[in-house]
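Written below as structure tokens is the structure these notes are about.
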Amino acid sequence: MSTTGSVTRSTAANHDEELIPRYSFGERVNHWVGALSYTFALITGLAFWSPYLYWLAAIVGGGPTARFVHPWFGLIFTVSLCWTFVEWHRDMEIDESDRAWAKAMPYYIQNEDDKLPPVGRFNFGQKLFFWGIFYGVILLLLTGVALWYTEALPWSWRYVRYVAILVHSSVALITIGLFLIHVYMSTILEEGSFGSMVHGYVTRAWAWTFHRTWYYQVSGKTRPKQ
Amino acid sequence: MSQAATELIRISGHAGMVPGAGLNREFQVCKLVDTTTCIGCKACEVACLEWNGYTFTETTFDNTYQTMPETAWNYWNLIKFNEHEREDGSMMLLMRKDQCMHCEDPGCLAACPAEAAIVQYANGIVDFQEANCIGCGYCMTGCPFNIPKFSPTARKVFKCTLCNDRVSVGLEPACIKACPTGCLHFGTKNEMKELAQTRADQLRDVSGFADAGVYDPAGVGGTHVIYVLHDAKNPELYGGLPKDPHIPYSVRLWKGPLKWLGNLAMVGGLLGLALHYMRFGPKKEEPIPPDDRRPV
């Protein structure tokens, strides 16, 4: 552990650079199970989406394999999301404080974070992302089963196929939008976020800057679960 | 076209017209099924099995003459029977040979995501290339006639080929070859349309079927299998032949506007994120004011 940059910082005298645990080992493992399964479902799904992206199927071993594994990646992601829900749904509840933050969202987009009301463990954007993926996956799962075993649907049920194919691709597009924003913000936009999902720690300054209410909670007597 | 190489249009030092220069070849093939002269003998079903190398397997009996409820991945040709009671109380046994219609605008091909798993030949035959099929079943969603069928063992989809292998060497499809009553015909699309119309006129004018007509649905751009029906106003009577078949609207929407909207959104989203980073840059943590320094 002492070889990683952030942990080395914890030994520094600087108060701001001291480390606070943010994500438990379980949360981090689950996050990466979800991230990988979503990415593979995305790659194989995009292969079926457009002829110009059909080459993506080669990544998992070709078209028939892509068709075979795509639903399984979806199922793994669903299981991972269920566990995320159990862990985080309390932290993800949208409350009064989110209303003020939602109004001030333009400041967030323009990186004027000092003009934002203080937020808890997760901000309103993260909550929207979570619930967007949550309800999206419910729809993807329902329509996905109909597409997985499309041959089991009798001809009189063909309208289920028609609805499923349209809803599955539309909802997938919405989750892709959420996914792109999520990846962008947590890797290159907000410095310190990506590391926190790897080693589990953030600096005091990071917590104070981006999640002040949570910072007050965890820097006082209350500690986050480990 | 390979045939074009055998056709001369100019000849040097030749007196007079070039023989065959104005020749107009018709490539579009068509199968005509005259339901009014079908006797339901199922010779076409057997011929189809034999030519395509499938063996007959156990099936479902549903108290009719019909071999099975619908075509199967290894049973591409099925006579559909309907004991129809007419308005005057008399009974008619309607029989229609069900198989791939070889649409001019094929829904299976429009829905298919796998490169070259479905092709349409210049003669109008729509053919599945199982080597390229990934077994997703989208063709089953795209088809308005319930034709493509999934094989759970091969994990691929199969259907009638209009005996492309026979037609390409100048033979008629196996079902046509086997038909004992001559209710099945094979030729160019124009010839078959003409023959079908002649028969329909005959049924109307001579046999008293006022609603007799030809089934060549425009919703799918016409088909390369056409029917003569006693009652063209009610094609559903003939084993559920759709009145106005077309590619499902949801498939059209999905493969049309949604695809372009989605592609635009994905590319635009990526560009937008890149521009956001260039304009606003990374979010950096700020120093904590002394008041907010809390002991752990």
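Labeling convention for the structure tokens: chains A, B, ... as they appear, residues from 1 per chain, ligands from 1 in order of appearance.
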>> Based on only C-alpha atoms, which of the residues in chain B come within 6 Å of chain A? I want them as a VMD selection string.
In response: chain B and resid 113 134 250 254 282 to 288 294 296
Taking 3 positions as the minimum chain separation for residues in the same chain, which residues sit within 12 Å of Val167 in chain B when counting only C-alpha atoms? Answer as a list in words.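 Residues near the query, excluding close chain neighbours: Phe27, Gln28, Val29, Cys30, Lys31, Tyr121, Asn123, Gly124, Ile125, Thr161, Leu162, Cys163, Asn164, Gly170, Leu171, Glu172, Pro173, Ala174, Ile176, Lys177, Phe186, Gly187 and Thr188 of chain B.
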Residue subset to file, keeping N, CA and C atoms, as a compact mmCIF listing (two decimals), in the first residue's frame:
```txt
# COMPACT_ATOMS: atom_id res chain seq x y z
N PHE B 27 -35.04 -11.35 -65.15
CA PHE B 27 -34.36 -12.15 -64.13
C PHE B 27 -35.27 -12.51 -62.96
N GLN B 28 -36.34 -11.71 -62.78
CA GLN B 28 -37.19 -11.89 -61.61
C GLN B 28 -37.99 -13.18 -61.71
N VAL B 29 -37.77 -14.09 -60.75
CA VAL B 29 -38.51 -15.34 -60.77
C VAL B 29 -39.72 -15.25 -59.84
N CYS B 30 -40.64 -16.17 -60.00
CA CYS B 30 -41.84 -16.16 -59.16
C CYS B 30 -42.48 -17.54 -59.11
N LYS B 31 -43.00 -17.85 -57.93
CA LYS B 31 -43.76 -19.08 -57.76
C LYS B 31 -45.22 -18.68 -57.64
N TYR B 121 -31.08 -12.06 -53.94
CA TYR B 121 -30.49 -12.18 -55.28
C TYR B 121 -31.27 -11.32 -56.27
N ASN B 123 -32.64 -12.19 -58.82
CA ASN B 123 -33.87 -12.85 -59.30
C ASN B 123 -35.00 -12.78 -58.27
N GLY B 124 -34.74 -12.14 -57.13
CA GLY B 124 -35.79 -11.94 -56.15
C GLY B 124 -35.75 -12.90 -54.98
N ILE B 125 -34.93 -13.94 -55.06
CA ILE B 125 -34.87 -14.92 -53.98
C ILE B 125 -34.16 -14.32 -52.77
N THR B 161 -35.67 -21.67 -49.26
CA THR B 161 -34.69 -20.97 -50.10
C THR B 161 -35.23 -20.70 -51.50
N LEU B 162 -36.50 -21.04 -51.73
CA LEU B 162 -37.09 -21.08 -53.08
C LEU B 162 -36.22 -21.97 -53.97
N CYS B 163 -35.61 -22.98 -53.35
CA CYS B 163 -34.70 -23.90 -54.05
C CYS B 163 -33.70 -23.13 -54.90
N ASN B 164 -33.06 -22.14 -54.26
CA ASN B 164 -32.07 -21.33 -54.97
C ASN B 164 -31.03 -22.20 -55.67
N GLY B 170 -31.16 -23.72 -63.47
CA GLY B 170 -32.22 -23.82 -64.47
C GLY B 170 -33.31 -24.83 -64.16
N LEU B 171 -33.38 -25.31 -62.90
CA LEU B 171 -34.47 -26.23 -62.54
C LEU B 171 -35.55 -25.46 -61.78
N GLU B 172 -36.75 -26.02 -61.76
CA GLU B 172 -37.81 -25.39 -60.97
C GLU B 172 -37.69 -25.88 -59.53
N PRO B 173 -38.24 -25.15 -58.56
CA PRO B 173 -38.17 -25.59 -57.17
C PRO B 173 -38.79 -26.98 -56.97
N ALA B 174 -38.33 -27.70 -55.94
CA ALA B 174 -38.75 -29.09 -55.72
C ALA B 174 -40.26 -29.20 -55.54
N ILE B 176 -42.62 -27.39 -56.82
CA ILE B 176 -43.28 -27.24 -58.13
C ILE B 176 -43.20 -28.57 -58.89
N LYS B 177 -42.00 -29.15 -58.85
CA LYS B 177 -41.73 -30.40 -59.57
C LYS B 177 -42.70 -31.50 -59.12
N PHE B 186 -44.05 -22.04 -61.91
CA PHE B 186 -42.82 -21.30 -61.67
C PHE B 186 -42.38 -20.65 -62.97
N GLY B 187 -42.00 -19.39 -62.90
CA GLY B 187 -41.55 -18.68 -64.10
C GLY B 187 -41.09 -17.29 -63.73
N THR B 188 -41.14 -16.38 -64.70
CA THR B 188 -40.76 -15.00 -64.37
C THR B 188 -41.92 -14.35 -63.65
```
What lies within 8 Å of Tyr201 in chain A using only C-alpha atoms, ignoring chain neighbours under 6 positions off, as a list in words?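 Residues near the query, excluding close chain neighbours: Ser6, Leu19, Ile20, Pro21, Arg22, Tyr23 and Gly195 of chain A.
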So that I can see what lies close to range 200-209 of chain B, please list as a PyMOL selection string the residues with an atom at most 8 Å from it, counting only C-alpha atoms and leaving out residues fewer than 2 positions away in the same chain. chain B and resi 196-198+211-214+228-231
task: Could you give me the residues within range 22-142 of chain B that DSSP places in strand (DSSP E or B), as a PyMOL selection string?
output: chain B and resi 29-34+72+75+78-85+91-98+103+118-120+126-128
Members of range 4-142 of chain A assigned alpha helix (DSSP H) by DSSP, as an NGL selection string: :A and (5-10 or 25-49 or 63-88 or 96-103 or 105-109 or 124-142)
**OP:** Give me, please, the distance in Å between CA of Gly53 in chain B and CA of Tyr65 in chain B, quoted to one decimal.
**Re:**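 Distance reported for this atom pair: 23.7 Å.
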Selection: 12 Å around Ile147 in chain B, only C-alpha atoms, excl. self and same-chain fewer than 4 positions, as a PyMOL selection string: (chain A and resi 151+155) or (chain B and resi 70-78+98-103+106-108+126+128+137+139-143+157-161+241)
Given the selection you just returned, output its residues as a file containing N, CA and C atoms, formatted as a CSV table (one decimal), in the first residue's frame.
```csv
chain,number,residue,atom,x,y,z
A,151,GLU,N,-37.6,-17.0,-29.9
A,151,GLU,CA,-38.2,-18.1,-30.6
A,151,GLU,C,-39.3,-18.8,-29.7
A,155,TRP,N,-46.5,-16.8,-32.3
A,155,TRP,CA,-46.8,-15.8,-33.3
A,155,TRP,C,-47.8,-14.8,-32.8
B,70,GLU,N,-47.5,-24.9,-37.5
B,70,GLU,CA,-46.9,-23.9,-38.4
B,70,GLU,C,-45.6,-24.5,-38.9
B,71,THR,N,-44.9,-23.8,-39.9
B,71,THR,CA,-43.7,-24.3,-40.4
B,71,THR,C,-42.6,-24.4,-39.3
B,72,ALA,N,-41.6,-25.2,-39.5
B,72,ALA,CA,-40.6,-25.4,-38.5
B,72,ALA,C,-39.2,-25.2,-39.2
B,73,TRP,N,-38.2,-25.1,-38.4
B,73,TRP,CA,-36.8,-24.8,-38.9
B,73,TRP,C,-36.4,-25.9,-39.9
B,74,ASN,N,-36.9,-27.1,-39.7
B,74,ASN,CA,-36.6,-28.2,-40.7
B,74,ASN,C,-37.8,-28.7,-41.4
B,75,TYR,N,-38.8,-27.8,-41.6
B,75,TYR,CA,-40.1,-28.1,-42.3
B,75,TYR,C,-40.6,-26.8,-42.9
B,76,TRP,N,-40.1,-26.5,-44.1
B,76,TRP,CA,-40.2,-25.1,-44.7
B,76,TRP,C,-41.5,-24.9,-45.5
B,77,ASN,N,-42.2,-26.0,-45.8
B,77,ASN,CA,-43.3,-26.0,-46.7
B,77,ASN,C,-44.5,-26.7,-46.0
B,78,LEU,N,-45.6,-26.0,-45.8
B,78,LEU,CA,-46.7,-26.6,-45.0
B,78,LEU,C,-48.0,-26.2,-45.7
B,98,ASP,N,-48.0,-22.8,-47.4
B,98,ASP,CA,-47.3,-21.8,-46.7
B,98,ASP,C,-45.8,-22.0,-46.8
B,99,GLN,N,-45.1,-21.0,-47.1
B,99,GLN,CA,-43.6,-21.0,-47.2
B,99,GLN,C,-43.1,-19.6,-47.2
B,100,CYS,N,-41.8,-19.4,-47.3
B,100,CYS,CA,-41.3,-18.0,-47.4
B,100,CYS,C,-41.9,-17.3,-48.7
B,101,MET,N,-42.3,-16.1,-48.5
B,101,MET,CA,-42.9,-15.3,-49.6
B,101,MET,C,-41.9,-14.6,-50.5
B,102,HIS,N,-40.6,-14.6,-50.1
B,102,HIS,CA,-39.5,-13.9,-50.8
B,102,HIS,C,-39.9,-12.5,-51.2
B,103,CYS,N,-40.1,-11.7,-50.2
B,103,CYS,CA,-40.6,-10.3,-50.4
B,103,CYS,C,-39.6,-9.5,-51.2
B,106,PRO,N,-37.7,-7.3,-48.0
B,106,PRO,CA,-37.8,-8.3,-46.9
B,106,PRO,C,-37.5,-7.8,-45.5
B,107,GLY,N,-38.5,-8.0,-44.6
B,107,GLY,CA,-38.4,-7.6,-43.2
B,107,GLY,C,-37.3,-8.3,-42.5
B,108,CYS,N,-37.0,-9.6,-42.8
B,108,CYS,CA,-36.0,-10.3,-42.2
B,108,CYS,C,-34.6,-9.7,-42.4
B,126,VAL,N,-34.8,-14.5,-51.6
B,126,VAL,CA,-34.2,-14.0,-50.3
B,126,VAL,C,-33.7,-15.3,-49.6
B,128,PHE,N,-31.1,-17.2,-46.7
B,128,PHE,CA,-30.3,-17.2,-45.4
B,128,PHE,C,-29.0,-17.9,-45.7
B,137,GLY,N,-32.3,-14.0,-33.9
B,137,GLY,CA,-33.8,-14.0,-34.0
B,137,GLY,C,-34.4,-12.7,-34.5
B,139,CYS,N,-34.7,-11.6,-37.4
B,139,CYS,CA,-35.4,-11.8,-38.6
B,139,CYS,C,-36.8,-12.3,-38.3
B,140,MET,N,-37.0,-13.0,-37.1
B,140,MET,CA,-38.3,-13.5,-36.7
B,140,MET,C,-39.2,-12.3,-36.3
B,141,THR,N,-38.5,-11.2,-35.8
B,141,THR,CA,-39.3,-10.0,-35.5
B,141,THR,C,-39.6,-9.2,-36.8
B,142,GLY,N,-38.7,-9.2,-37.7
B,142,GLY,CA,-38.9,-8.4,-38.9
B,142,GLY,C,-39.9,-9.0,-39.9
B,143,CYS,N,-40.1,-10.4,-39.9
B,143,CYS,CA,-40.9,-11.0,-40.9
B,143,CYS,C,-42.4,-10.9,-40.6
B,157,VAL,N,-31.1,-19.7,-37.7
B,157,VAL,CA,-32.4,-19.6,-38.2
B,157,VAL,C,-32.5,-20.1,-39.6
B,158,PHE,N,-33.5,-20.8,-39.9
B,158,PHE,CA,-33.7,-21.5,-41.3
B,158,PHE,C,-35.0,-21.1,-41.9
B,159,LYS,N,-35.1,-21.2,-43.2
B,159,LYS,CA,-36.3,-21.0,-43.9
B,159,LYS,C,-36.2,-21.5,-45.4
B,160,CYS,N,-37.3,-21.5,-46.1
B,160,CYS,CA,-37.4,-21.8,-47.5
B,160,CYS,C,-36.4,-21.0,-48.3
B,161,THR,N,-35.7,-21.7,-49.3
B,161,THR,CA,-34.7,-21.0,-50.1
B,161,THR,C,-35.2,-20.7,-51.5
B,241,LEU,N,-53.2,-15.8,-43.7
B,241,LEU,CA,-52.4,-14.9,-44.6
B,241,LEU,C,-52.7,-13.5,-44.3
```
(message) Using only C-alpha atoms, can you tell me which of B:Gly262, B:Glu45, B:Pro152, B:Thr55 comes closest to Met68 in chain B?
(response)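 The answer is B:Glu45, which sits nearest to Met68 in chain B.
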**Message:** I'd like the neighbourhood of range 122-124 of chain A as a ChimeraX atom specification, where a residue qualifies if any of its atoms comes within 7 Å (using only C-alpha atoms), though same-chain residues fewer than 4 positions away should be ignored.
**Reply:** /A:91-92,98,101-102,128
Separating CA of Ile94 in chain A from CA of Leu139 in chain A, to the nearest tenth of an Å, is a gap of 21.2 Å
Residue nearest Asn14 in chain A among B:Arg199, B:Lys255, B:Arg293, B:Arg279 (counting only C-alpha atoms)
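Selected residue with least distance to Asn14 in chain A: B:Arg293.
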Item to complete: Do a neighbour search on Arg28 in chain A at 12 Å with only C-alpha atoms, toss out local chain neighbours closer than 2 positions, and write the hits as a ChimeraX atom specification.
Response: /A:21-26,30-35,80,83-84,87,194-201,226
>> Report, in Å with one decimal, the straight-line distance from CA of His246 in chain B to CA of Val220 in chain B.
In response: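 Distance between the two atoms: 5.1 Å.
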